[in-house]
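So this one's input-v8.csv, CSV, C-alpha atoms:
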```
chain,number,residue,atom,x,y,z
A,227,MET,CA,-9.2,29.8,30.5
A,228,PRO,CA,-8.4,29.6,34.3
A,229,MET,CA,-7.8,26.1,35.5
A,230,ASP,CA,-10.8,25.3,37.8
A,231,SER,CA,-11.6,21.9,39.1
A,232,ALA,CA,-10.3,18.8,37.3
A,233,GLN,CA,-13.9,17.9,36.4
A,234,GLY,CA,-14.5,21.2,34.9
A,235,ASN,CA,-11.3,21.1,32.9
A,236,SER,CA,-12.1,17.6,31.7
A,237,ASN,CA,-15.6,18.7,30.4
A,238,TYR,CA,-14.1,21.7,28.7
A,239,ALA,CA,-11.4,19.5,27.2
A,240,LEU,CA,-13.9,17.0,26.0
A,241,GLU,CA,-16.0,19.7,24.3
A,242,LYS,CA,-13.0,21.1,22.5
A,243,LEU,CA,-11.8,17.7,21.4
A,244,ARG,CA,-15.2,16.9,20.0
A,245,GLU,CA,-15.0,20.2,18.0
A,246,LEU,CA,-11.5,19.2,16.8
A,247,LEU,CA,-12.8,15.8,15.6
A,248,ARG,CA,-15.7,17.5,13.7
A,249,SER,CA,-13.4,20.0,12.0
A,250,ASP,CA,-11.0,19.7,9.1
A,251,ASP,CA,-8.0,20.4,11.3
A,252,VAL,CA,-7.1,16.7,11.9
A,253,ALA,CA,-4.0,15.5,10.1
A,254,ALA,CA,-4.5,13.5,6.9
A,255,ASP,CA,-3.5,10.3,8.6
A,256,GLY,CA,-5.9,11.0,11.5
A,257,LYS,CA,-3.2,11.5,14.1
A,258,LEU,CA,-4.0,14.0,16.9
A,259,PRO,CA,-1.5,16.3,18.6
A,260,THR,CA,0.2,15.0,21.7
A,261,GLU,CA,-1.3,15.4,25.1
A,262,ARG,CA,1.2,18.1,25.9
A,263,ALA,CA,0.3,20.0,22.7
A,264,LEU,CA,-3.4,19.7,23.3
A,265,SER,CA,-3.0,20.8,26.9
A,266,GLU,CA,-1.1,23.9,25.8
A,267,THR,CA,-3.5,24.7,23.0
A,268,LEU,CA,-6.7,24.3,25.1
A,269,GLY,CA,-5.2,25.7,28.4
A,270,VAL,CA,-6.1,22.8,30.5
A,271,SER,CA,-4.1,20.2,32.4
A,272,ARG,CA,-2.7,17.1,30.8
A,273,ARG,CA,-4.8,15.1,33.3
A,274,ALA,CA,-7.9,16.7,31.9
A,275,ILE,CA,-6.8,16.0,28.3
A,276,ARG,CA,-6.1,12.4,29.3
A,277,ARG,CA,-9.6,11.9,30.9
A,278,ALA,CA,-11.3,13.5,27.9
A,279,LEU,CA,-9.4,11.2,25.5
A,280,GLU,CA,-10.4,8.2,27.6
A,281,VAL,CA,-14.1,9.2,27.1
A,282,LEU,CA,-13.6,9.6,23.4
A,283,GLU,CA,-11.8,6.2,23.2
A,284,THR,CA,-14.7,4.5,25.0
A,285,GLU,CA,-17.1,6.1,22.5
A,286,GLY,CA,-15.0,4.7,19.6
A,287,ARG,CA,-14.2,8.3,18.4
A,288,ILE,CA,-10.4,7.8,18.7
A,289,TRP,CA,-7.9,5.0,19.1
A,290,ARG,CA,-4.4,4.7,20.4
A,291,ARG,CA,-1.3,2.7,19.4
A,292,GLN,CA,1.6,2.4,21.8
A,293,GLY,CA,4.5,4.4,20.6
A,294,ALA,CA,2.6,5.8,17.6
A,295,GLY,CA,0.1,8.2,19.2
A,296,THR,CA,-3.6,8.9,19.2
A,297,PHE,CA,-5.7,8.8,16.0
A,298,ALA,CA,-9.2,9.9,15.1
A,299,GLY,CA,-11.8,7.3,14.0
A,300,THR,CA,-12.3,3.6,14.9
A,301,LYS,CA,-9.4,1.4,15.7
A,302,PRO,CA,-8.3,-0.9,12.8
A,303,ASP,CA,-8.9,-4.5,13.5
A,304,ASP,CA,-6.1,-6.8,14.6
A,305,TRP,CA,-6.0,-8.4,11.1
A,306,SER,CA,-5.0,-5.1,9.5
A,307,GLU,CA,-2.2,-4.7,12.0
A,308,ARG,CA,-1.1,-8.3,11.3
A,309,LEU,CA,-1.1,-7.6,7.6
A,310,ASP,CA,1.2,-4.6,8.1
A,311,ALA,CA,3.5,-6.7,10.1
A,312,ILE,CA,3.5,-9.4,7.4
A,313,VAL,CA,4.3,-6.9,4.7
A,314,ALA,CA,7.0,-5.2,6.8
A,315,GLY,CA,8.6,-8.6,7.4
A,316,THR,CA,8.8,-9.8,3.8
A,317,ASP,CA,10.9,-8.7,0.8
A,318,PHE,CA,10.4,-8.1,-2.9
A,319,MET,CA,11.5,-11.5,-4.0
A,320,GLU,CA,9.1,-13.3,-1.6
A,321,ILE,CA,6.3,-11.1,-2.9
A,322,MET,CA,7.2,-12.0,-6.5
A,323,GLU,CA,7.2,-15.7,-5.7
A,324,VAL,CA,3.7,-15.5,-4.4
A,325,ARG,CA,2.5,-13.2,-7.3
A,326,LEU,CA,3.8,-15.8,-9.8
A,327,ARG,CA,1.6,-18.5,-8.2
A,328,VAL,CA,-1.5,-16.4,-7.7
A,329,GLU,CA,-1.9,-13.9,-10.5
A,330,PRO,CA,-1.7,-16.3,-13.5
A,331,GLN,CA,-4.7,-18.1,-11.9
A,332,LEU,CA,-6.6,-14.9,-11.5
A,333,ALA,CA,-5.9,-14.1,-15.2
A,334,GLN,CA,-7.3,-17.5,-16.2
A,335,LEU,CA,-10.4,-17.0,-14.2
A,336,ALA,CA,-10.8,-13.5,-15.5
A,337,ALA,CA,-10.7,-14.9,-19.1
A,338,LEU,CA,-13.7,-17.0,-18.2
A,339,ARG,CA,-15.7,-14.4,-16.3
A,340,ALA,CA,-14.8,-10.9,-17.4
A,341,LYS,CA,-17.5,-8.9,-19.2
A,342,PRO,CA,-16.8,-6.7,-22.4
A,343,SER,CA,-17.1,-3.6,-20.2
A,344,ASP,CA,-14.4,-5.1,-17.9
A,345,THR,CA,-11.9,-5.6,-20.7
A,346,GLU,CA,-12.7,-2.1,-22.0
A,347,ARG,CA,-11.7,-0.8,-18.6
A,348,MET,CA,-8.5,-2.9,-18.7
A,349,TYR,CA,-7.5,-1.5,-22.1
A,350,ASP,CA,-8.1,2.0,-20.8
A,351,LEU,CA,-5.8,1.3,-17.7
A,352,VAL,CA,-3.1,-0.1,-20.0
A,353,GLU,CA,-3.1,3.2,-21.9
A,354,LYS,CA,-3.1,5.2,-18.7
A,355,ILE,CA,0.1,3.3,-17.6
A,356,ALA,CA,1.7,4.0,-20.9
A,357,ARG,CA,0.8,7.7,-20.8
A,358,SER,CA,2.0,8.2,-17.2
A,359,THR,CA,5.0,10.4,-16.9
A,360,ASP,CA,6.1,9.8,-13.3
A,361,ALA,CA,6.8,6.7,-11.2
A,362,ASP,CA,3.8,7.4,-8.8
A,363,GLY,CA,1.4,7.5,-11.7
A,364,ARG,CA,2.8,4.3,-13.3
A,365,GLU,CA,2.6,2.4,-10.1
A,366,LEU,CA,-0.9,3.7,-9.4
A,367,TRP,CA,-2.4,2.6,-12.8
A,368,ASP,CA,-0.4,-0.6,-12.9
A,369,GLY,CA,-1.9,-1.6,-9.5
A,370,ALA,CA,-5.3,-0.6,-10.8
A,371,LEU,CA,-4.9,-2.9,-13.8
A,372,HIS,CA,-3.8,-5.9,-11.8
A,373,ARG,CA,-6.5,-5.4,-9.3
A,374,THR,CA,-9.2,-5.2,-12.0
A,375,VAL,CA,-8.0,-8.5,-13.4
A,376,ALA,CA,-8.2,-9.9,-9.8
A,377,GLN,CA,-11.7,-8.5,-9.4
A,378,CYS,CA,-12.9,-10.0,-12.7
A,379,ALA,CA,-11.8,-13.4,-11.6
A,380,GLY,CA,-14.9,-13.4,-9.5
A,381,ASN,CA,-13.5,-15.1,-6.5
A,382,HIS,CA,-13.7,-13.1,-3.2
A,383,PHE,CA,-11.2,-15.3,-1.4
A,384,PHE,CA,-8.6,-15.0,-4.2
A,385,LEU,CA,-9.2,-11.2,-4.2
A,386,ALA,CA,-8.5,-11.0,-0.5
A,387,ILE,CA,-5.2,-12.9,-1.0
A,388,PHE,CA,-4.4,-10.5,-3.9
A,389,ASP,CA,-5.1,-7.5,-1.6
A,390,VAL,CA,-2.7,-8.8,1.0
A,391,ILE,CA,0.0,-9.1,-1.6
A,392,ASN,CA,-0.8,-5.8,-3.1
A,393,ARG,CA,-0.3,-4.0,0.2
A,394,VAL,CA,3.4,-3.9,-0.6
A,395,ARG,CA,2.7,-1.2,-3.2
A,396,GLN,CA,2.1,1.2,-0.3
A,397,ASP,CA,5.7,0.9,0.6
A,398,GLU,CA,7.8,3.8,-0.8
A,399,ALA,CA,10.8,1.5,-1.2
A,400,TRP,CA,8.8,-0.8,-3.5
A,401,GLN,CA,8.0,2.1,-5.8
A,402,ILE,CA,11.6,3.2,-5.9
A,403,ILE,CA,13.0,-0.2,-6.8
A,404,ARG,CA,10.3,-0.8,-9.3
A,405,GLU,CA,11.2,2.4,-11.1
A,406,ARG,CA,14.9,1.5,-11.0
A,407,ALA,CA,14.0,-1.9,-12.6
A,408,ARG,CA,12.0,-0.2,-15.3
A,409,ASN,CA,14.8,2.3,-16.1
A,410,ALA,CA,17.7,-0.1,-15.9
A,411,GLY,CA,16.1,-2.9,-17.9
A,412,GLY,CA,14.4,-0.6,-20.4
A,413,THR,CA,11.3,-2.7,-19.8
A,414,ARG,CA,8.6,-0.1,-20.3
A,415,PRO,CA,7.9,-1.0,-24.0
A,416,VAL,CA,8.0,-4.7,-23.1
A,417,THR,CA,5.7,-4.2,-20.2
A,418,HIS,CA,3.2,-2.3,-22.4
A,419,SER,CA,3.2,-5.2,-24.9
A,420,GLN,CA,2.8,-7.7,-22.1
A,421,HIS,CA,-0.1,-5.8,-20.6
A,422,LEU,CA,-1.8,-5.8,-23.9
A,423,ALA,CA,-1.2,-9.5,-24.4
A,424,ILE,CA,-2.9,-10.2,-21.0
A,425,VAL,CA,-5.9,-8.1,-21.8
A,426,ASP,CA,-6.2,-9.5,-25.4
A,427,ALA,CA,-6.2,-13.0,-24.0
A,428,ILE,CA,-8.9,-12.2,-21.4
A,429,ALA,CA,-11.0,-10.4,-24.1
A,430,ALA,CA,-10.6,-13.5,-26.3
A,431,ARG,CA,-11.8,-15.7,-23.4
A,432,ASP,CA,-8.6,-17.8,-23.6
A,433,PRO,CA,-7.7,-18.9,-20.1
A,434,ALA,CA,-4.5,-20.7,-21.0
A,435,ARG,CA,-3.1,-17.8,-23.0
A,436,ALA,CA,-4.2,-15.3,-20.3
A,437,GLY,CA,-2.4,-17.2,-17.5
A,438,GLU,CA,0.7,-17.6,-19.6
A,439,ALA,CA,0.8,-13.9,-20.6
A,440,MET,CA,0.5,-12.9,-16.9
A,441,ARG,CA,3.2,-15.4,-15.9
A,442,GLN,CA,5.6,-14.0,-18.6
A,443,HIS,CA,4.9,-10.5,-17.5
A,444,LEU,CA,5.6,-11.2,-13.8
A,445,LEU,CA,8.8,-13.2,-14.8
A,446,THR,CA,10.0,-10.1,-16.6
A,447,LEU,CA,9.5,-8.0,-13.5
A,448,GLN,CA,11.1,-10.6,-11.3
A,449,GLU,CA,14.2,-10.8,-13.6
A,450,SER,CA,14.5,-7.0,-13.5
A,451,LEU,CA,14.3,-6.9,-9.7
A,452,ILE,CA,16.9,-9.7,-9.4
A,453,ARG,CA,19.2,-7.7,-11.8
A,454,ILE,CA,18.8,-4.5,-9.7
A,455,THR,CA,19.5,-6.4,-6.5
A,456,LEU,CA,22.6,-8.0,-7.9
A,457,ASP,CA,23.9,-4.7,-9.3
A,458,ARG,CA,23.4,-3.1,-5.9
A,459,SER,CA,25.3,-5.9,-4.2
A,460,GLU,CA,28.2,-5.6,-6.7
A,461,ILE,CA,28.4,-1.9,-6.1
A,462,GLN,CA,28.4,-2.4,-2.4
A,463,THR,CA,31.1,-5.0,-2.6
A,464,GLU,CA,33.3,-2.8,-4.8
A,465,GLU,CA,32.8,0.1,-2.3
A,466,GLU,CA,33.8,-2.1,0.6
A,467,THR,CA,36.9,-3.4,-1.3
A,468,GLY,CA,37.9,0.2,-2.2
A,469,GLN,CA,37.6,1.2,1.5
A,470,ARG,CA,39.8,-1.7,2.6
A,471,MET,CA,42.4,-0.8,0.0
A,472,ILE,CA,42.5,2.8,1.2
A,473,LEU,CA,42.8,1.6,4.8
```
What is this structure when it is put down as structure tokens?
Amino acid sequence: MPMDSAQGNSNYALEKLRELLRSDDVAADGKLPTERALSETLGVSRRAIRRALEVLETEGRIWRRQGAGTFAGTKPDDWSERLDAIVAGTDFMEIMEVRLRVEPQLAQLAALRAKPSDTERMYDLVEKIARSTDADGRELWDGALHRTVAQCAGNHFFLAIFDVINRVRQDEAWQIIRERARNAGGTRPVTHSQHLAIVDAIAARDPARAGEAMRQHLLTLQESLIRITLDRSEIQTEEETGQRMIL
């Protein structure tokens, strides 16, 4: 298309960008191509693209993050961004310390409030974890089990706190270190038994036993993570010592 007036180019760009947003060509994470790429694809100036994007941003059809790009949809609220920053600034040990103080309480409340259909779903999730053959599947179903317990506690504020903690599961590094802990410690059979113990106590409406079963389960995970961390530190120390001896 020949580049006519800036206004004409902007209207054309706006029309084409609307078509893009309505199509299935947007990336899975909603990120749009750069202004330069859009300019080349649509055959209009970058100034026209920029103006069209400003209109779409005003309409709430797109949002922008400095240094990250332009995304389709409505802008996440500031709370979501703060959560991402909190998760990025913490480590696995801090997460476990919080889980040990929150999730046993959730298990206790679930034992008081879960319905038979809820515990049936929990048993099904326990079996899904056991049958999973890859790390991604195990992490997925394990997260689903723990969140079901949190939901059955029937406390929306507690559930919101749990979801903040659970955001760490989205981090690939978490999945990797969790799988290393499972393999190194041989904890899969133990974890399966512990999951069953938690659900058994909830089904029996025994809050004290449910809370303790959850606590023991999380302590096992914490110990495995500590072991992995220490092993990695020892390996790193040995490598550094070897390098100094070579030098």
- [ ] Fewer than 5 positions away in the same chain doesn't count, so skip those; otherwise give me all residues within 10 Å of Gly286 (chain A), counting all atoms listed in the file, as a PyMOL selection string.
- [x] chain A and resi 280-281+298-301
- [ ] Could you tell me which of A:Leu351, A:Ala356, A:Ala429, A:Ile387 comes closest to His372 (chain A) if we count all atoms listed in the file?
- [x]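 The closest residue to His372 (chain A) is A:Leu351.
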TODO: Choose the residue, out of A:Ser265, A:Thr446, A:Thr260, A:Thr316, that has the smallest atom-to-atom separation from Lys242 (chain A); count only C-alpha atoms.
DONE: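 Ranked by minimum distance to Lys242 (chain A), first place goes to A:Ser265.
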Open item on the list: Between A:Glu438, A:Glu261, A:Glu323, A:Glu266, which residue has the minimum interatomic distance to Thr296 (chain A), considering all atoms listed in the file?
Closed with: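 Closest candidate: A:Glu261.
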Open item on the list: If we count only C-alpha atoms and set the cut-off at 8 Å, which residues sit around Met319 (chain A), ignoring sequence neighbours fewer than 6 positions away in its own chain? Please answer as a list in words.
Closed with: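 Here the answer would be Gln448, Leu451 and Ile452 of chain A.
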Open item on the list: My list of candidates is A:Ala254, A:Leu247, A:Ala361, A:Val328. Which is closest to Ala376 (chain A) when distances are computed with only C-alpha atoms?
Closed with: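 Smallest distance to Ala376 (chain A) is found for A:Val328.
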- [ ] Go through A:Val252, A:Ile454, A:Ala370, A:Ala239 and flag the residue nearest Leu264 (chain A), using only C-alpha atoms for the distances.
- [x]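 Closest residue, counting only C-alpha atoms: A:Ala239.
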- [ ] To one decimal in Å, tell me the separation between CA of Asn381 (chain A) and CA of Ala340 (chain A).
- [x]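 According to the coordinates, CA of Asn381 (chain A) and CA of Ala340 (chain A) are separated by 11.8 Å.
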- [ ] Name all residues at most 12 Å from Ala336 (chain A) (count all atoms listed in the file; drop same-chain ones fewer than 3 positions away) and give them as a VMD selection string.
- [x] chain A and resid 329 to 333 339 to 342 344 to 345 348 372 to 381 384 to 385 424 to 437 440
Only C-alpha atoms, please: the residues just picked out, written as a short mmCIF file (atom, residue, chain, number, x, y, z; two decimals), keeping the file's coordinate frame.
```cif
data_model
loop_
_atom_site.label_atom_id
_atom_site.label_comp_id
_atom_site.auth_asym_id
_atom_site.auth_seq_id
_atom_site.Cartn_x
_atom_site.Cartn_y
_atom_site.Cartn_z
CA GLU A 329 -1.90 -13.90 -10.50
CA PRO A 330 -1.70 -16.30 -13.50
CA GLN A 331 -4.70 -18.10 -11.90
CA LEU A 332 -6.60 -14.90 -11.50
CA ALA A 333 -5.90 -14.10 -15.20
CA ARG A 339 -15.70 -14.40 -16.30
CA ALA A 340 -14.80 -10.90 -17.40
CA LYS A 341 -17.50 -8.90 -19.20
CA PRO A 342 -16.80 -6.70 -22.40
CA ASP A 344 -14.40 -5.10 -17.90
CA THR A 345 -11.90 -5.60 -20.70
CA MET A 348 -8.50 -2.90 -18.70
CA HIS A 372 -3.80 -5.90 -11.80
CA ARG A 373 -6.50 -5.40 -9.30
CA THR A 374 -9.20 -5.20 -12.00
CA VAL A 375 -8.00 -8.50 -13.40
CA ALA A 376 -8.20 -9.90 -9.80
CA GLN A 377 -11.70 -8.50 -9.40
CA CYS A 378 -12.90 -10.00 -12.70
CA ALA A 379 -11.80 -13.40 -11.60
CA GLY A 380 -14.90 -13.40 -9.50
CA ASN A 381 -13.50 -15.10 -6.50
CA PHE A 384 -8.60 -15.00 -4.20
CA LEU A 385 -9.20 -11.20 -4.20
CA ILE A 424 -2.90 -10.20 -21.00
CA VAL A 425 -5.90 -8.10 -21.80
CA ASP A 426 -6.20 -9.50 -25.40
CA ALA A 427 -6.20 -13.00 -24.00
CA ILE A 428 -8.90 -12.20 -21.40
CA ALA A 429 -11.00 -10.40 -24.10
CA ALA A 430 -10.60 -13.50 -26.30
CA ARG A 431 -11.80 -15.70 -23.40
CA ASP A 432 -8.60 -17.80 -23.60
CA PRO A 433 -7.70 -18.90 -20.10
CA ALA A 434 -4.50 -20.70 -21.00
CA ARG A 435 -3.10 -17.80 -23.00
CA ALA A 436 -4.20 -15.30 -20.30
CA GLY A 437 -2.40 -17.20 -17.50
CA MET A 440 0.50 -12.90 -16.90
#
```
TODO: Grab the CA of Asp317 (chain A) to CA of Leu447 (chain A) distance for me, in Å with one decimal place.
DONE: 14.4 Å
- [ ] Would you mind reading off the distance between CA of Asp362 (chain A) and CA of Asp251 (chain A), one decimal, in Å?
- [x]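 Taking CA of Asp362 (chain A) as the start and CA of Asp251 (chain A) as the end point, the length is 26.7 Å.
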Task: Pick from A:Glu320, A:Glu241, A:Asp368, A:Asp255, whichever lies nearest to Leu282 (chain A) using all atoms listed in the file - done: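 Ranked by minimum distance to Leu282 (chain A), first place goes to A:Glu241.
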Your completed region 234-246 of chain A with N, CA and C atoms, as an mmCIF file, keeping the file's coordinate frame:
```
data_model
loop_
_atom_site.group_PDB
_atom_site.id
_atom_site.type_symbol
_atom_site.label_atom_id
_atom_site.label_comp_id
_atom_site.auth_asym_id
_atom_site.auth_seq_id
_atom_site.Cartn_x
_atom_site.Cartn_y
_atom_site.Cartn_z
ATOM 1 N N GLY A 234 -14.194 20.192 35.799
ATOM 2 C CA GLY A 234 -14.500 21.200 34.900
ATOM 3 C C GLY A 234 -13.579 21.289 33.694
ATOM 4 N N ASN A 235 -12.302 21.156 33.972
ATOM 5 C CA ASN A 235 -11.300 21.100 32.900
ATOM 6 C C ASN A 235 -11.550 19.969 31.953
ATOM 7 N N SER A 236 -11.881 18.829 32.494
ATOM 8 C CA SER A 236 -12.100 17.600 31.700
ATOM 9 C C SER A 236 -13.310 17.828 30.755
ATOM 10 N N ASN A 237 -14.381 18.413 31.272
ATOM 11 C CA ASN A 237 -15.600 18.700 30.400
ATOM 12 C C ASN A 237 -15.252 19.655 29.331
ATOM 13 N N TYR A 238 -14.509 20.680 29.689
ATOM 14 C CA TYR A 238 -14.100 21.700 28.700
ATOM 15 C C TYR A 238 -13.227 21.039 27.625
ATOM 16 N N ALA A 239 -12.262 20.219 28.091
ATOM 17 C CA ALA A 239 -11.400 19.500 27.200
ATOM 18 C C ALA A 239 -12.147 18.612 26.231
ATOM 19 N N LEU A 240 -13.118 17.893 26.794
ATOM 20 C CA LEU A 240 -13.900 17.000 26.000
ATOM 21 C C LEU A 240 -14.695 17.714 24.928
ATOM 22 N N GLU A 241 -15.283 18.847 25.303
ATOM 23 C CA GLU A 241 -16.000 19.700 24.300
ATOM 24 C C GLU A 241 -15.151 20.126 23.202
ATOM 25 N N LYS A 242 -13.957 20.618 23.552
ATOM 26 C CA LYS A 242 -13.000 21.100 22.500
ATOM 27 C C LYS A 242 -12.489 20.025 21.641
ATOM 28 N N LEU A 243 -12.246 18.868 22.223
ATOM 29 C CA LEU A 243 -11.800 17.700 21.400
ATOM 30 C C LEU A 243 -12.838 17.250 20.467
ATOM 31 N N ARG A 244 -14.086 17.280 20.901
ATOM 32 C CA ARG A 244 -15.200 16.900 20.000
ATOM 33 C C ARG A 244 -15.214 17.884 18.807
ATOM 34 N N GLU A 245 -15.024 19.167 19.104
ATOM 35 C CA GLU A 245 -15.000 20.200 18.000
ATOM 36 C C GLU A 245 -13.839 19.893 17.065
ATOM 37 N N LEU A 246 -12.692 19.515 17.611
ATOM 38 C CA LEU A 246 -11.500 19.200 16.800
ATOM 39 C C LEU A 246 -11.820 18.046 15.844
#
```
